[in-house]
Amino acid sequence: MSIEPVIELEIPARAEYVGLVRLVVSSLASGRRALAEERIDDLKLAVSEACTNAIEAHHDVDADERVLVRCAEADDRLVVSIRDKGPGFDPDSLPEHPPVTDPDRLNFERGLGIPLIRTLVDEVSFDSSSAGTSVRLVMFCEPVSFDDEIDLTLDDLAEPDLG
Amino acid sequence: MSIEPVIELEIPARAEYVGLVRLVVSSLASGRRALAEERIDDLKLAVSEACTNAIEAHHDVDADERVLVRCAEADDRLVVSIRDKGPGFDPDSLPEHPPVTDPDRLNFERGLGIPLIRTLVDEVSFDSSSAGTSVRLVMFCEPVSFDDEIDLTLDDLAEPDLG
Amino acid sequence: MELGLDVEEQDGTTVLAVRGEVDVYTAPRLREKLVELVSQGKYKIVVNLEGVDFLDSTGLGVLVGGLKRLRSHDGDLTLVCTQPRILKVFEITGLTKVFAIHDTVEAAVAG
Amino acid sequence: MELGLDVEEQDGTTVLAVRGEVDVYTAPRLREKLVELVSQGKYKIVVNLEGVDFLDSTGLGVLVGGLKRLRSHDGDLTLVCTQPRILKVFEITGLTKVFAIHDTVEAAVAG
Ligand SMILES: Nc1ncnc2c1ncn2[C@@H]1O[C@H](COP(=O)(O)OP(=O)(O)O)[C@@H](O)[C@H]1O
Ligand SMILES: Nc1ncnc2c1ncn2[C@@H]1O[C@H](COP(=O)(O)OP(=O)(O)O)[C@@H](O)[C@H]1O
């Protein structure tokens, strides 16, 4: 598997440019026959959430800062990374929401971005420090994907049929 | 007039990515109310021609080279520059085609890109050396534009009516 | 990026039809519109998402905020949505349990 | 980026309907198709550009090359195009004087 040359898109850290990032990512993803439309939508939403966070991270820092989006295409995957120079955060200690059945849930308008990202893409990793954050999203393109693996039942995991 | 922050898009020097550049430029241009749809198409075509040249300039050099597209938005204009690291050329000494009425015209499939660019945008400048070429395209966005000026007849240029 | 927001009254219910992309850039306009409607005393609101091409967590947050606001006036905010890719965002986040989501404006207005 | 190329015979003329964007990436496919048609002895070709969203100088070059090839067989390549933004490219380059450009496939086939 060779990683193909990369597309880089650098935008001002401003809300109005997130749509452009979505456009670029979904255009690249649409070029991949192996990626179903539904998964393109998933990647687009995940990238949009990560970009929104990157832009918001700069609100407290410097409005002239920029967000860098890199898209690398390989035979079997699309990798999108979103880098900001915001203050950083710890993705493993985010507050949890009350359960959706709790009336108190309505007090939380935020905090859905990262849970969405985690659900939508095949792999996500965060690299965050006080110098900034880099979020790396991976979407596999091959027909036989992650989903199939997850759908394995315990029976499938039993001893192979040697017949 | 303040020049707004810039969008940068860097692509591999490959034909398949020119469409992405068009998409980005026309998306940015569509955000400008003052720019008529027809002029967005003009800018899109001019950028596409310049990108095509940039990519072709790399064919003889290094296929791993990259093309950088920068879009700057100001109140009254959109500026798109396309930079390559190809061998450079002299835009002022390009061969001319036979007139379209000459049957020999059919022997020339190429050489239409730069004439198109010159006609389509409001301003174009080339900065070319053996280290590469940068093409800068300017499209004015204000309703009162270049076209109106060019449409002036000799009468309009006569002495002002002081009445 | 344009966000279309069209308001219509139907049988004492306010139907807000949203068109376009709801994201961090456009969601503030949706929020303002909801606040405006509540301040006009519209406490039964149906948000029609059938014309929405894209909805992110910022958009979800605005809808949650709107629901909260309306509930505090004993009102309600319900949704019209049949598009799988938009429904999916509500499903993943569990918000299908928070919002009443209808297939048609008629069903939503009938409550 | 897809380029649609559909071939149809009409009254002894070959109609090639092009859909999508014709640029440096897709133009080679258009060129190959024209070469293929000529090698099959199709010397009267109408290229229908009504489905084309974008056409650049590479596309123009391929059409000029096609016309030259057909003329050398005493054939012809004519165009169908009414879209202003596509026509404009022919006008600026003066190629409206090189190609016969028709409003409809019927007119082009009738010659
Ligand atoms: N790139 C980032 N830089 C700094 N903080 C971040 C970044 N991404 C996320 N965070 C932090 O994580 C929190 C949760 O993010 P998220 O789940 O996307 O929800 P929301 O953005 O709506 O708050 C954010 O509020 C923010 O404090
Ligand atoms: N960025 C560039 N780098 C090097 N040479 C260039 C560049 N742009 C244009 N040229 C030269 O100018 C010529 C004319 O360009 P153009 O009018 O676009 O027509 P075409 O690309 O079809 O030849 C090209 O063939 C090439 O030799």
# chains A, B, ... in the order shown; residues from 1 in each chain; ligands from 1
>>> residues_around(residues="Gly59 of chain D", least_positions_apart="2", cutoff="9 Å", atoms="only C-alpha atoms", output="list in words")
Val22, Asp23, Val24, Thr26, Ala27, Pro28, Leu30, Arg31, Leu55, Asp56, Ser57, Gly61, Val62, Leu63 and Val64 of chain D
>>> residues_near_ligand(ligand="ligand 1", cutoff="8 Å", atoms="only C-alpha atoms and all ligand atoms", output="ChimeraX atom specification")
/A:49-58,83-91,94,109-116,128,132-135 /C:57-58,61
>>> write_last_selection(atoms="N, CA and C atoms", output="short mmCIF file (atom, residue, chain, number, x, y, z; two decimals), in the first residue's frame")
data_model
loop_
_atom_site.label_atom_id
_atom_site.label_comp_id
_atom_site.auth_asym_id
_atom_site.auth_seq_id
_atom_site.Cartn_x
_atom_site.Cartn_y
_atom_site.Cartn_z
N GLU A 49 -16.78 18.45 11.50
CA GLU A 49 -16.74 18.59 12.96
C GLU A 49 -15.33 18.92 13.43
N ALA A 50 -14.34 18.22 12.88
CA ALA A 50 -12.96 18.46 13.31
C ALA A 50 -12.51 19.87 12.92
N CYS A 51 -12.93 20.31 11.74
CA CYS A 51 -12.59 21.67 11.29
C CYS A 51 -13.26 22.73 12.16
N THR A 52 -14.49 22.48 12.50
CA THR A 52 -15.21 23.41 13.37
C THR A 52 -14.48 23.55 14.70
N ASN A 53 -14.06 22.43 15.26
CA ASN A 53 -13.30 22.48 16.51
C ASN A 53 -11.99 23.24 16.34
N ALA A 54 -11.32 23.00 15.23
CA ALA A 54 -10.04 23.67 14.97
C ALA A 54 -10.25 25.18 14.89
N ILE A 55 -11.31 25.57 14.22
CA ILE A 55 -11.59 27.00 14.07
C ILE A 55 -11.97 27.61 15.42
N GLU A 56 -12.81 26.89 16.17
CA GLU A 56 -13.22 27.41 17.47
C GLU A 56 -12.04 27.48 18.44
N ALA A 57 -11.09 26.57 18.29
CA ALA A 57 -9.91 26.59 19.15
C ALA A 57 -9.13 27.89 18.98
N HIS A 58 -9.24 28.48 17.81
CA HIS A 58 -8.50 29.71 17.55
C HIS A 58 -9.20 30.96 18.04
N ARG A 83 -5.26 20.29 11.24
CA ARG A 83 -4.30 20.79 12.23
C ARG A 83 -4.57 22.23 12.58
N ASP A 84 -4.60 22.51 13.88
CA ASP A 84 -4.75 23.90 14.30
C ASP A 84 -3.63 24.27 15.26
N LYS A 85 -3.53 25.56 15.57
CA LYS A 85 -2.52 26.01 16.52
C LYS A 85 -3.20 26.57 17.76
N GLY A 86 -4.34 25.99 18.09
CA GLY A 86 -5.07 26.38 19.28
C GLY A 86 -4.41 25.86 20.55
N PRO A 87 -5.10 26.02 21.68
CA PRO A 87 -4.50 25.71 22.99
C PRO A 87 -4.42 24.22 23.32
N GLY A 88 -5.02 23.39 22.48
CA GLY A 88 -4.98 21.95 22.75
C GLY A 88 -6.01 21.52 23.78
N PHE A 89 -6.21 20.21 23.91
CA PHE A 89 -7.19 19.66 24.86
C PHE A 89 -6.90 18.18 25.04
N ASP A 90 -7.57 17.60 26.01
CA ASP A 90 -7.40 16.17 26.24
C ASP A 90 -8.65 15.43 25.78
N PRO A 91 -8.57 14.77 24.64
CA PRO A 91 -9.77 14.12 24.08
C PRO A 91 -10.29 12.98 24.95
N LEU A 94 -13.13 14.31 28.18
CA LEU A 94 -14.22 15.22 27.88
C LEU A 94 -15.41 14.89 28.78
N GLU A 109 -26.01 21.84 24.72
CA GLU A 109 -26.11 22.03 23.29
C GLU A 109 -24.83 21.59 22.58
N ARG A 110 -23.79 21.39 23.35
CA ARG A 110 -22.52 21.12 22.71
C ARG A 110 -21.97 19.75 23.08
N GLY A 111 -20.76 19.48 22.62
CA GLY A 111 -20.10 18.24 23.02
C GLY A 111 -20.48 17.03 22.18
N LEU A 112 -21.14 17.26 21.04
CA LEU A 112 -21.52 16.14 20.19
C LEU A 112 -20.51 15.88 19.07
N GLY A 113 -19.62 16.83 18.85
CA GLY A 113 -18.72 16.73 17.71
C GLY A 113 -17.80 15.52 17.77
N ILE A 114 -17.10 15.39 18.88
CA ILE A 114 -16.12 14.30 18.95
C ILE A 114 -16.79 12.93 19.00
N PRO A 115 -17.87 12.76 19.77
CA PRO A 115 -18.59 11.48 19.67
C PRO A 115 -19.01 11.15 18.23
N LEU A 116 -19.47 12.15 17.50
CA LEU A 116 -19.84 11.91 16.09
C LEU A 116 -18.63 11.45 15.28
N SER A 128 -2.53 16.24 20.52
CA SER A 128 -2.83 17.57 21.01
C SER A 128 -1.84 18.00 22.07
N GLY A 132 -0.97 23.14 19.81
CA GLY A 132 -1.99 22.91 18.80
C GLY A 132 -2.47 21.48 18.78
N THR A 133 -3.40 21.22 17.88
CA THR A 133 -4.02 19.90 17.81
C THR A 133 -4.02 19.42 16.38
N SER A 134 -3.77 18.12 16.24
CA SER A 134 -3.88 17.51 14.93
C SER A 134 -4.82 16.32 15.06
N VAL A 135 -5.84 16.30 14.25
CA VAL A 135 -6.80 15.18 14.27
C VAL A 135 -6.65 14.43 12.97
N SER C 57 -23.11 19.00 14.28
CA SER C 57 -23.43 19.05 15.70
C SER C 57 -23.82 20.45 16.16
N THR C 58 -23.34 21.46 15.46
CA THR C 58 -23.74 22.83 15.82
C THR C 58 -25.24 22.99 15.55
N GLY C 61 -27.17 21.23 18.18
CA GLY C 61 -27.16 22.02 19.41
C GLY C 61 -28.20 23.12 19.37
#
>>> interface_residues(of="chain B", to="chain A", cutoff="6 Å", atoms="only C-alpha atoms", output="list in words")
Ile7, Glu8, Leu9, Glu10 and Ile11 of chain B
>>> residues_around(residues="segment 76-82 of chain D", least_positions_apart="2", cutoff="12 Å", atoms="only C-alpha atoms", output="PyMOL selection string")
chain D and resi 13-18+34+37-38+42-53+55+60+62-74+84-90+95-111
>>> write_last_selection(atoms="C-alpha atoms", output="PDB file, in the first residue's frame")
ATOM      1  CA  THR D  13     -24.340  10.534 -39.353  1.00  0.00           C
ATOM      2  CA  THR D  14     -22.616   9.575 -36.102  1.00  0.00           C
ATOM      3  CA  VAL D  15     -23.777  11.644 -33.147  1.00  0.00           C
ATOM      4  CA  LEU D  16     -21.371  11.716 -30.211  1.00  0.00           C
ATOM      5  CA  ALA D  17     -23.036  13.145 -27.123  1.00  0.00           C
ATOM      6  CA  VAL D  18     -20.509  14.426 -24.568  1.00  0.00           C
ATOM      7  CA  LEU D  34     -12.988  10.334 -32.072  1.00  0.00           C
ATOM      8  CA  LEU D  37     -14.932   6.410 -34.705  1.00  0.00           C
ATOM      9  CA  VAL D  38     -12.761   7.515 -37.625  1.00  0.00           C
ATOM     10  CA  LYS D  42     -17.339   7.163 -39.459  1.00  0.00           C
ATOM     11  CA  TYR D  43     -16.512  10.304 -41.393  1.00  0.00           C
ATOM     12  CA  LYS D  44     -19.593  12.369 -40.643  1.00  0.00           C
ATOM     13  CA  ILE D  45     -19.586  13.169 -36.950  1.00  0.00           C
ATOM     14  CA  VAL D  46     -21.747  15.517 -34.928  1.00  0.00           C
ATOM     15  CA  VAL D  47     -20.399  16.271 -31.456  1.00  0.00           C
ATOM     16  CA  ASN D  48     -23.258  17.244 -29.176  1.00  0.00           C
ATOM     17  CA  LEU D  49     -21.932  19.574 -26.469  1.00  0.00           C
ATOM     18  CA  GLU D  50     -25.290  20.292 -24.835  1.00  0.00           C
ATOM     19  CA  GLY D  51     -24.427  18.088 -21.854  1.00  0.00           C
ATOM     20  CA  VAL D  52     -21.023  19.654 -21.290  1.00  0.00           C
ATOM     21  CA  ASP D  53     -20.580  21.700 -18.112  1.00  0.00           C
ATOM     22  CA  LEU D  55     -14.804  22.956 -21.836  1.00  0.00           C
ATOM     23  CA  LEU D  60     -11.007  22.770 -28.133  1.00  0.00           C
ATOM     24  CA  VAL D  62      -9.179  17.788 -29.437  1.00  0.00           C
ATOM     25  CA  LEU D  63     -12.114  19.051 -31.512  1.00  0.00           C
ATOM     26  CA  VAL D  64      -9.772  20.887 -33.909  1.00  0.00           C
ATOM     27  CA  GLY D  65      -7.706  17.701 -34.231  1.00  0.00           C
ATOM     28  CA  GLY D  66     -10.879  15.704 -34.899  1.00  0.00           C
ATOM     29  CA  LEU D  67     -12.030  18.130 -37.558  1.00  0.00           C
ATOM     30  CA  LYS D  68      -8.635  17.944 -39.266  1.00  0.00           C
ATOM     31  CA  ARG D  69      -8.686  14.147 -39.227  1.00  0.00           C
ATOM     32  CA  LEU D  70     -12.195  14.024 -40.708  1.00  0.00           C
ATOM     33  CA  ARG D  71     -11.461  16.620 -43.379  1.00  0.00           C
ATOM     34  CA  SER D  72      -8.525  14.462 -44.507  1.00  0.00           C
ATOM     35  CA  HIS D  73     -11.134  11.754 -45.163  1.00  0.00           C
ATOM     36  CA  ASP D  74     -13.413  14.252 -46.907  1.00  0.00           C
ATOM     37  CA  PRO D  84     -23.666  30.621 -23.758  1.00  0.00           C
ATOM     38  CA  ARG D  85     -20.746  29.732 -21.508  1.00  0.00           C
ATOM     39  CA  ILE D  86     -19.547  27.021 -23.879  1.00  0.00           C
ATOM     40  CA  LEU D  87     -20.201  29.083 -27.016  1.00  0.00           C
ATOM     41  CA  LYS D  88     -18.165  31.867 -25.474  1.00  0.00           C
ATOM     42  CA  VAL D  89     -15.019  29.738 -25.525  1.00  0.00           C
ATOM     43  CA  PHE D  90     -15.434  29.170 -29.268  1.00  0.00           C
ATOM     44  CA  LEU D  95     -13.223  28.877 -33.612  1.00  0.00           C
ATOM     45  CA  THR D  96     -16.832  29.758 -34.407  1.00  0.00           C
ATOM     46  CA  LYS D  97     -15.356  30.424 -37.872  1.00  0.00           C
ATOM     47  CA  VAL D  98     -13.782  26.974 -38.017  1.00  0.00           C
ATOM     48  CA  PHE D  99     -16.690  24.848 -36.805  1.00  0.00           C
ATOM     49  CA  ALA D 100     -20.257  24.713 -38.000  1.00  0.00           C
ATOM     50  CA  ILE D 101     -22.202  25.090 -34.745  1.00  0.00           C
ATOM     51  CA  HIS D 102     -25.868  24.075 -34.736  1.00  0.00           C
ATOM     52  CA  ASP D 103     -28.703  24.605 -32.279  1.00  0.00           C
ATOM     53  CA  THR D 104     -30.064  21.072 -32.421  1.00  0.00           C
ATOM     54  CA  VAL D 105     -28.875  17.579 -33.279  1.00  0.00           C
ATOM     55  CA  GLU D 106     -31.519  17.478 -36.033  1.00  0.00           C
ATOM     56  CA  ALA D 107     -30.127  20.605 -37.676  1.00  0.00           C
ATOM     57  CA  ALA D 108     -26.590  19.274 -37.369  1.00  0.00           C
ATOM     58  CA  VAL D 109     -27.500  15.889 -38.881  1.00  0.00           C
ATOM     59  CA  ALA D 110     -29.377  17.626 -41.700  1.00  0.00           C
ATOM     60  CA  GLY D 111     -26.084  19.489 -42.187  1.00  0.00           C
TER      61      GLY D 111
END
>>> select_by_dssp(residues="segment 8-162 of chain B", states="strand (DSSP E)", output="ChimeraX atom specification")
/B:8-12,66-74,77-84,123-129,132-140
>>> atom_distance(atom1="atom CA of Val124 of chain B", atom2="atom CA of Phe54 of chain D")
21.5 Å
>>> atom_distance(atom1="atom CA of Glu96 of chain B", atom2="atom CA of Val138 of chain B")
24.6 Å
>>> closest_residue(among="B:Arg77, B:Arg136, B:Arg105, B:Arg32", to="chain D", atoms="only C-alpha atoms")
B:Arg105
>>> residues_around(residues="Leu137 of chain A", least_positions_apart="2", cutoff="9 Å", atoms="only C-alpha atoms", output="NGL selection string")
:A and (43 or 46-47 or 78-82 or 117 or 121-125 or 135 or 139)
>>> write_last_selection(atoms="N, CA, C and O atoms", output="mmCIF file, in the first residue's frame")
data_model
loop_
_atom_site.group_PDB
_atom_site.id
_atom_site.type_symbol
_atom_site.label_atom_id
_atom_site.label_comp_id
_atom_site.auth_asym_id
_atom_site.auth_seq_id
_atom_site.Cartn_x
_atom_site.Cartn_y
_atom_site.Cartn_z
ATOM 1 N N LEU A 43 -17.629 10.772 6.180
ATOM 2 C CA LEU A 43 -16.312 11.410 6.227
ATOM 3 C C LEU A 43 -16.462 12.929 6.201
ATOM 4 O O LEU A 43 -15.798 13.655 6.953
ATOM 5 N N ALA A 46 -17.528 14.133 9.576
ATOM 6 C CA ALA A 46 -16.441 14.028 10.555
ATOM 7 C C ALA A 46 -15.403 15.131 10.330
ATOM 8 O O ALA A 46 -14.960 15.785 11.283
ATOM 9 N N VAL A 47 -15.049 15.356 9.071
ATOM 10 C CA VAL A 47 -14.072 16.404 8.756
ATOM 11 C C VAL A 47 -14.625 17.767 9.149
ATOM 12 O O VAL A 47 -13.920 18.615 9.703
ATOM 13 N N LEU A 78 -8.555 6.671 2.641
ATOM 14 C CA LEU A 78 -8.421 8.117 2.547
ATOM 15 C C LEU A 78 -8.060 8.587 3.947
ATOM 16 O O LEU A 78 -8.697 8.191 4.922
ATOM 17 N N VAL A 79 -7.039 9.420 4.043
ATOM 18 C CA VAL A 79 -6.643 9.930 5.350
ATOM 19 C C VAL A 79 -6.764 11.454 5.315
ATOM 20 O O VAL A 79 -6.189 12.102 4.444
ATOM 21 N N VAL A 80 -7.523 11.997 6.240
ATOM 22 C CA VAL A 80 -7.659 13.456 6.301
ATOM 23 C C VAL A 80 -7.164 13.916 7.661
ATOM 24 O O VAL A 80 -7.604 13.402 8.696
ATOM 25 N N SER A 81 -6.242 14.850 7.666
ATOM 26 C CA SER A 81 -5.823 15.376 8.959
ATOM 27 C C SER A 81 -6.093 16.871 9.017
ATOM 28 O O SER A 81 -5.980 17.577 8.020
ATOM 29 N N ILE A 82 -6.478 17.317 10.192
ATOM 30 C CA ILE A 82 -6.873 18.706 10.411
ATOM 31 C C ILE A 82 -6.002 19.244 11.540
ATOM 32 O O ILE A 82 -6.012 18.708 12.652
ATOM 33 N N ILE A 117 -17.531 12.174 15.427
ATOM 34 C CA ILE A 117 -16.314 11.806 14.683
ATOM 35 C C ILE A 117 -15.946 10.355 14.960
ATOM 36 O O ILE A 117 -15.692 9.575 14.046
ATOM 37 N N VAL A 121 -15.993 7.687 11.387
ATOM 38 C CA VAL A 121 -14.846 7.237 10.582
ATOM 39 C C VAL A 121 -14.295 5.915 11.119
ATOM 40 O O VAL A 121 -14.623 5.495 12.224
ATOM 41 N N ASP A 122 -13.453 5.281 10.307
ATOM 42 C CA ASP A 122 -12.940 3.967 10.677
ATOM 43 C C ASP A 122 -11.852 4.061 11.741
ATOM 44 O O ASP A 122 -11.711 3.177 12.579
ATOM 45 N N GLU A 123 -11.068 5.138 11.670
ATOM 46 C CA GLU A 123 -10.019 5.345 12.665
ATOM 47 C C GLU A 123 -9.898 6.821 12.937
ATOM 48 O O GLU A 123 -9.994 7.635 12.017
ATOM 49 N N VAL A 124 -9.662 7.169 14.201
ATOM 50 C CA VAL A 124 -9.405 8.576 14.515
ATOM 51 C C VAL A 124 -8.310 8.627 15.565
ATOM 52 O O VAL A 124 -8.260 7.798 16.475
ATOM 53 N N SER A 125 -7.388 9.587 15.398
ATOM 54 C CA SER A 125 -6.403 9.783 16.454
ATOM 55 C C SER A 125 -6.191 11.270 16.649
ATOM 56 O O SER A 125 -6.313 12.066 15.717
ATOM 57 N N VAL A 135 -5.840 16.299 14.252
ATOM 58 C CA VAL A 135 -6.800 15.184 14.270
ATOM 59 C C VAL A 135 -6.651 14.429 12.968
ATOM 60 O O VAL A 135 -6.645 15.028 11.893
ATOM 61 N N MET A 139 -10.514 6.669 6.591
ATOM 62 C CA MET A 139 -11.671 5.974 6.044
ATOM 63 C C MET A 139 -11.150 4.921 5.081
ATOM 64 O O MET A 139 -10.459 5.255 4.111
#
>>> decode(residues="segment 98-107 of chain D", atoms="all heavy atoms", output="PDB file, in the first residue's frame")
ATOM      1  N   VAL D  98     -14.368  28.236 -37.561  1.00  0.00           N
ATOM      2  CA  VAL D  98     -13.782  26.974 -38.017  1.00  0.00           C
ATOM      3  C   VAL D  98     -14.822  25.856 -37.987  1.00  0.00           C
ATOM      4  O   VAL D  98     -14.871  24.999 -38.851  1.00  0.00           O
ATOM      5  CB  VAL D  98     -12.561  26.624 -37.140  1.00  0.00           C
ATOM      6  CG1 VAL D  98     -12.055  25.224 -37.454  1.00  0.00           C
ATOM      7  CG2 VAL D  98     -11.449  27.656 -37.329  1.00  0.00           C
ATOM      8  N   PHE D  99     -15.673  25.899 -36.974  1.00  0.00           N
ATOM      9  CA  PHE D  99     -16.690  24.848 -36.805  1.00  0.00           C
ATOM     10  C   PHE D  99     -18.073  25.339 -37.219  1.00  0.00           C
ATOM     11  O   PHE D  99     -18.439  26.485 -36.945  1.00  0.00           O
ATOM     12  CB  PHE D  99     -16.786  24.430 -35.332  1.00  0.00           C
ATOM     13  CG  PHE D  99     -15.602  23.674 -34.844  1.00  0.00           C
ATOM     14  CD1 PHE D  99     -14.619  24.309 -34.092  1.00  0.00           C
ATOM     15  CD2 PHE D  99     -15.451  22.316 -35.117  1.00  0.00           C
ATOM     16  CE1 PHE D  99     -13.513  23.610 -33.625  1.00  0.00           C
ATOM     17  CE2 PHE D  99     -14.353  21.611 -34.656  1.00  0.00           C
ATOM     18  CZ  PHE D  99     -13.382  22.257 -33.909  1.00  0.00           C
ATOM     19  N   ALA D 100     -18.828  24.446 -37.834  1.00  0.00           N
ATOM     20  CA  ALA D 100     -20.257  24.713 -38.000  1.00  0.00           C
ATOM     21  C   ALA D 100     -20.914  24.355 -36.675  1.00  0.00           C
ATOM     22  O   ALA D 100     -20.792  23.216 -36.198  1.00  0.00           O
ATOM     23  CB  ALA D 100     -20.822  23.868 -39.129  1.00  0.00           C
ATOM     24  N   ILE D 101     -21.576  25.324 -36.049  1.00  0.00           N
ATOM     25  CA  ILE D 101     -22.202  25.090 -34.745  1.00  0.00           C
ATOM     26  C   ILE D 101     -23.715  25.197 -34.896  1.00  0.00           C
ATOM     27  O   ILE D 101     -24.229  26.230 -35.330  1.00  0.00           O
ATOM     28  CB  ILE D 101     -21.680  26.101 -33.694  1.00  0.00           C
ATOM     29  CG1 ILE D 101     -20.152  26.032 -33.614  1.00  0.00           C
ATOM     30  CG2 ILE D 101     -22.309  25.821 -32.333  1.00  0.00           C
ATOM     31  CD1 ILE D 101     -19.525  26.950 -32.576  1.00  0.00           C
ATOM     32  N   HIS D 102     -24.416  24.126 -34.553  1.00  0.00           N
ATOM     33  CA  HIS D 102     -25.868  24.075 -34.736  1.00  0.00           C
ATOM     34  C   HIS D 102     -26.597  24.145 -33.398  1.00  0.00           C
ATOM     35  O   HIS D 102     -26.026  23.860 -32.353  1.00  0.00           O
ATOM     36  CB  HIS D 102     -26.247  22.790 -35.463  1.00  0.00           C
ATOM     37  CG  HIS D 102     -25.642  22.676 -36.818  1.00  0.00           C
ATOM     38  ND1 HIS D 102     -26.202  23.233 -37.943  1.00  0.00           N
ATOM     39  CD2 HIS D 102     -24.492  22.071 -37.230  1.00  0.00           C
ATOM     40  CE1 HIS D 102     -25.451  22.973 -38.990  1.00  0.00           C
ATOM     41  NE2 HIS D 102     -24.394  22.274 -38.585  1.00  0.00           N
ATOM     42  N   ASP D 103     -27.887  24.495 -33.486  1.00  0.00           N
ATOM     43  CA  ASP D 103     -28.703  24.605 -32.279  1.00  0.00           C
ATOM     44  C   ASP D 103     -29.268  23.267 -31.819  1.00  0.00           C
ATOM     45  O   ASP D 103     -29.573  23.090 -30.639  1.00  0.00           O
ATOM     46  CB  ASP D 103     -29.884  25.558 -32.524  1.00  0.00           C
ATOM     47  CG  ASP D 103     -29.444  27.009 -32.482  1.00  0.00           C
ATOM     48  OD1 ASP D 103     -28.267  27.248 -32.182  1.00  0.00           O
ATOM     49  OD2 ASP D 103     -30.285  27.880 -32.746  1.00  0.00           O
ATOM     50  N   THR D 104     -29.474  22.366 -32.768  1.00  0.00           N
ATOM     51  CA  THR D 104     -30.064  21.072 -32.421  1.00  0.00           C
ATOM     52  C   THR D 104     -29.331  19.962 -33.164  1.00  0.00           C
ATOM     53  O   THR D 104     -28.679  20.201 -34.188  1.00  0.00           O
ATOM     54  CB  THR D 104     -31.551  20.995 -32.835  1.00  0.00           C
ATOM     55  OG1 THR D 104     -31.614  21.129 -34.268  1.00  0.00           O
ATOM     56  CG2 THR D 104     -32.386  22.078 -32.186  1.00  0.00           C
ATOM     57  N   VAL D 105     -29.469  18.744 -32.623  1.00  0.00           N
ATOM     58  CA  VAL D 105     -28.875  17.579 -33.279  1.00  0.00           C
ATOM     59  C   VAL D 105     -29.501  17.407 -34.666  1.00  0.00           C
ATOM     60  O   VAL D 105     -28.805  17.113 -35.637  1.00  0.00           O
ATOM     61  CB  VAL D 105     -29.088  16.316 -32.416  1.00  0.00           C
ATOM     62  CG1 VAL D 105     -28.664  15.066 -33.184  1.00  0.00           C
ATOM     63  CG2 VAL D 105     -28.303  16.424 -31.110  1.00  0.00           C
ATOM     64  N   GLU D 106     -30.809  17.640 -34.754  1.00  0.00           N
ATOM     65  CA  GLU D 106     -31.519  17.478 -36.033  1.00  0.00           C
ATOM     66  C   GLU D 106     -30.893  18.396 -37.093  1.00  0.00           C
ATOM     67  O   GLU D 106     -30.588  17.961 -38.201  1.00  0.00           O
ATOM     68  CB  GLU D 106     -33.012  17.817 -35.874  1.00  0.00           C
ATOM     69  CG  GLU D 106     -33.793  16.814 -35.031  1.00  0.00           C
ATOM     70  CD  GLU D 106     -33.344  16.770 -33.571  1.00  0.00           C
ATOM     71  OE1 GLU D 106     -33.066  17.851 -32.994  1.00  0.00           O
ATOM     72  OE2 GLU D 106     -33.234  15.663 -33.001  1.00  0.00           O
ATOM     73  N   ALA D 107     -30.716  19.657 -36.732  1.00  0.00           N
ATOM     74  CA  ALA D 107     -30.127  20.605 -37.676  1.00  0.00           C
ATOM     75  C   ALA D 107     -28.714  20.179 -38.062  1.00  0.00           C
ATOM     76  O   ALA D 107     -28.325  20.272 -39.233  1.00  0.00           O
ATOM     77  CB  ALA D 107     -30.111  22.002 -37.067  1.00  0.00           C
TER      78      ALA D 107
END
